[in-house]
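Engineer: Okay, handing you the structure first.
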Amino acid sequence: MKRQFRSYGNPNFPSWEYIPDGEPHVFGGRLYVYGSHDFFNGHAFCLGDYLCWSAPVEDPTLWTCEGVIYKKTDDPLNRADAMCLYAPDVTQGSDGRFYLYYVLDKVSIVSVAVSDSPSGPFSFYGYVCHPDGTLLGSAPGDEPQFDPGVLTEGDTTWLYTGFCPSGDRSRTGPMVSRLGPDMLTLVSGPKNLLPSQPYSGGSGFEGHEYFEAASIRKIGETYYFIYSSIVFHELCYATSNRPDGGFVYRGVLISNNDMHIGSYKDPGKPAYYGGNNHGSIVCLNGAWYVFYHRHTHGTSFCRQSCAEPIELRADGSFVQAEMTSRGIRGSPLPGKGEYPAFIACNLWCNTESAYTAWAAHPDNRYPLITQEGRDGDELDGYISNMMDGATAGFKYFNFSGARYISIRVRGYCKGVFIVSIQPVGPAVARIPVEFTNVWTKYTAPLEIPDGTHALYFRYEGEGRASLASFDLQ
């Protein structure tokens, strides 16, 4: 059943929807995002069937859920529902049909499904194979297949795959293979595309070697290979004038803890609890956007789709995008009205952590975005576990005449929320809060200059506070 959703910006989809590994594509004047499907409070990655969300190119905040486009049990190898669907990609073949490439989590071969429509449903089509029929990933010398990215040019489809943990000398790097017009059979390859970490000396990729999340795009005559690096939180890219080699490292597109961004903090400070990352770029109405995912619920298994505008320079390089709440809308959010806390783009506390897994510490001091109920319950998210020194940041708003601010808070807490327009700066509002086990509204005067600003809410006091929303008046 299709349903519509209007996003504030980030996350792209409702706060109770967990679609990581997003591959954005424009087909027929509409933006489609294909990803894997996490469950709220799930125990592993990618537990759900594939869903697809789409939006008109002219308004990428008005999303439609296309529903389930492919089930886990549609693959003949998974009739018993024992395996998960890892990150997919979709391309349009020379026959006009749409082909979905994916890997199940416990086999090392590439499966393919097909549909007459970009919104599915997709039907199982076959497995990528060598000319003799041997499945890619099972022949002698084949490396395990993982995270397929695909690009079709005429009768040729380029397939990029690979999973290369740091220090693993059995994985030489991501692979590229050339498929024929049947979308299944190798014409050439697989061949190594980039060096993995143990073999990267002198390559220019040192410190940003390939880990996973292969994705491919072509801009003009240049091929952009996009991937998640061995530090997990960053999406990097390399470029070449040909699809099957010669790639040179170019930089970071985005980090899901905003590392390397120094415009509002030290570039070495994590401004969110990051982790593995996966996404790609897409051009909408002449402007470029990068899709990525963020981690929620204090775990690596509840990831949500986000996107940011990203600047393409004249020399073909990109400026690293900053994580924001406004996201794909680009323009600042109105500086009046009520906003849910789940659109926070920054979270940190007095104890610094770059990774969600590290934040899952026994003392449980870290703030996190979460929700109530079970997976599938359509309940808005909120920020929980804000202890003394915890900060939530929201960007950006266009202020004009706002004079009061209200927050909705609950929890066994007694202290004050200090609101500022800088991570560490003078207060523009101070909002005392008390112990309460129901959502309670607190209001205070707001002294903020007109113009475009971020908002940071820092809790100081006893206990643990939860923040549901704030209202600018």
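So you can find residues: chains in the structure tokens are A, B, ... in the order shown, residues in each start at 1, and ligands are numbered from 1 in order.
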Step one, run DSSP on the backbone; step two, keep only residues of region 279-343 of chain A assigned to strand (DSSP E or B); then write them as a list in words.
Structural biologist: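 Here are the strand (DSSP E or B) residues of region 279-343 of chain A: Ser280, Ile281, Val282, Cys283, Leu284, Ala287, Trp288, Tyr289, Val290, Phe291, Tyr292, His293, Arg294, His295, Arg303, Gln304, Ser305, Cys306, Ala307, Glu308, Pro309, Leu312, Phe318, Leu333, Pro334, Gly337, Glu338, Tyr339 and Pro340 of chain A.
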Engineer: For Pro423 (chain A), work out the shell of residues within 7 Å, counting only C-alpha atoms and skipping chain neighbours fewer than 2 positions away, then give it as a ChimeraX atom specification.
Structural biologist: /A:421,425,456
Engineer: Write the residues you've just listed into a file as a compact mmCIF listing (two decimals), in the first residue's frame, and include C-alpha atoms for each of them.
Structural biologist:
# COMPACT_ATOMS: atom_id res chain seq x y z
CA ILE A 421 23.52 29.08 18.35
CA GLY A 425 28.64 29.84 23.15
CA TYR A 456 22.17 23.56 20.26
Engineer: Taking only C-alpha atoms into account, name the residue in A:Ser400, A:Asn241, A:Ser466, A:Thr324 that is nearest to Leu446 (chain A).
Structural biologist: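 Answer, going by the shortest atom-to-atom distance: A:Ser400.
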Engineer: Mind pulling up the distance from CA of Val114 (chain A) to CA of Pro56 (chain A)?
Structural biologist: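 Those two atoms sit 22.8 Å apart.
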Engineer: Name all residues at most 12 Å from Thr172 (chain A) (count only C-alpha atoms; drop same-chain ones fewer than 6 positions away) and give them as an NGL selection string.
Structural biologist: :A and (141-144 or 161-166 or 190-200 or 209-211)
Engineer: Taking only C-alpha atoms into account, which of A:Trp158, A:Tyr404, A:Tyr102, A:Tyr224 comes nearest Gly180 (chain A)?
Structural biologist: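 Of A:Trp158, A:Tyr404, A:Tyr102, A:Tyr224, the one nearest Gly180 (chain A) is A:Trp158, counting only C-alpha atoms.
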Engineer: In Å to one decimal, how far is CA of Phe470 (chain A) from CA of Ile407 (chain A)?
Structural biologist: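 Going from CA of Ile407 (chain A) over to CA of Phe470 (chain A), I get 4.3 Å.
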Engineer: Taking the backbone alone, and naming residues the way the document does, which bits of region 189-402 of chain A are helix (DSSP H, G or I) by DSSP, as number ranges by chain?
Structural biologist: A: 197-199, 327-329, 341-343, 356-359
Engineer: Which value, in Å to one decimal, gives the distance between CA of Leu104 (chain A) and CA of Asp244 (chain A)?
Structural biologist: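 That distance, rounded to one decimal, is 24.9 Å.
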Engineer: Compile the contact shell of Pro20 (chain A) as number ranges by chain: residues with an atom at most 7 Å away, counting only C-alpha atoms, same-chain residues fewer than 4 positions apart removed.
Structural biologist: A: 35-37, 293, 303-305
Engineer: Please produce a file of the residues just selected, as a PDB file, in the first residue's frame, where the atoms kept are N, CA and C atoms.
Structural biologist:
ATOM      1  N   GLY A  35      17.458   0.672  -0.922  1.00  0.00           N
ATOM      2  CA  GLY A  35      18.356   0.388   0.193  1.00  0.00           C
ATOM      3  C   GLY A  35      18.008  -0.932   0.834  1.00  0.00           C
ATOM      4  N   SER A  36      18.796  -1.299   1.822  1.00  0.00           N
ATOM      5  CA  SER A  36      18.428  -2.454   2.627  1.00  0.00           C
ATOM      6  C   SER A  36      17.386  -2.008   3.661  1.00  0.00           C
ATOM      7  N   HIS A  37      17.021  -2.877   4.589  1.00  0.00           N
ATOM      8  CA  HIS A  37      15.897  -2.577   5.476  1.00  0.00           C
ATOM      9  C   HIS A  37      16.206  -3.107   6.876  1.00  0.00           C
ATOM     10  N   HIS A 293      23.700   7.185   5.490  1.00  0.00           N
ATOM     11  CA  HIS A 293      22.811   6.827   6.590  1.00  0.00           C
ATOM     12  C   HIS A 293      23.429   7.175   7.938  1.00  0.00           C
ATOM     13  N   ARG A 303      19.531   1.960  11.261  1.00  0.00           N
ATOM     14  CA  ARG A 303      20.109   3.037  10.452  1.00  0.00           C
ATOM     15  C   ARG A 303      19.036   3.703   9.594  1.00  0.00           C
ATOM     16  N   GLN A 304      19.191   5.011   9.381  1.00  0.00           N
ATOM     17  CA  GLN A 304      18.169   5.787   8.680  1.00  0.00           C
ATOM     18  C   GLN A 304      18.783   6.569   7.525  1.00  0.00           C
ATOM     19  N   SER A 305      18.004   6.729   6.470  1.00  0.00           N
ATOM     20  CA  SER A 305      18.440   7.443   5.272  1.00  0.00           C
ATOM     21  C   SER A 305      18.476   8.944   5.502  1.00  0.00           C
TER      22      SER A 305
END
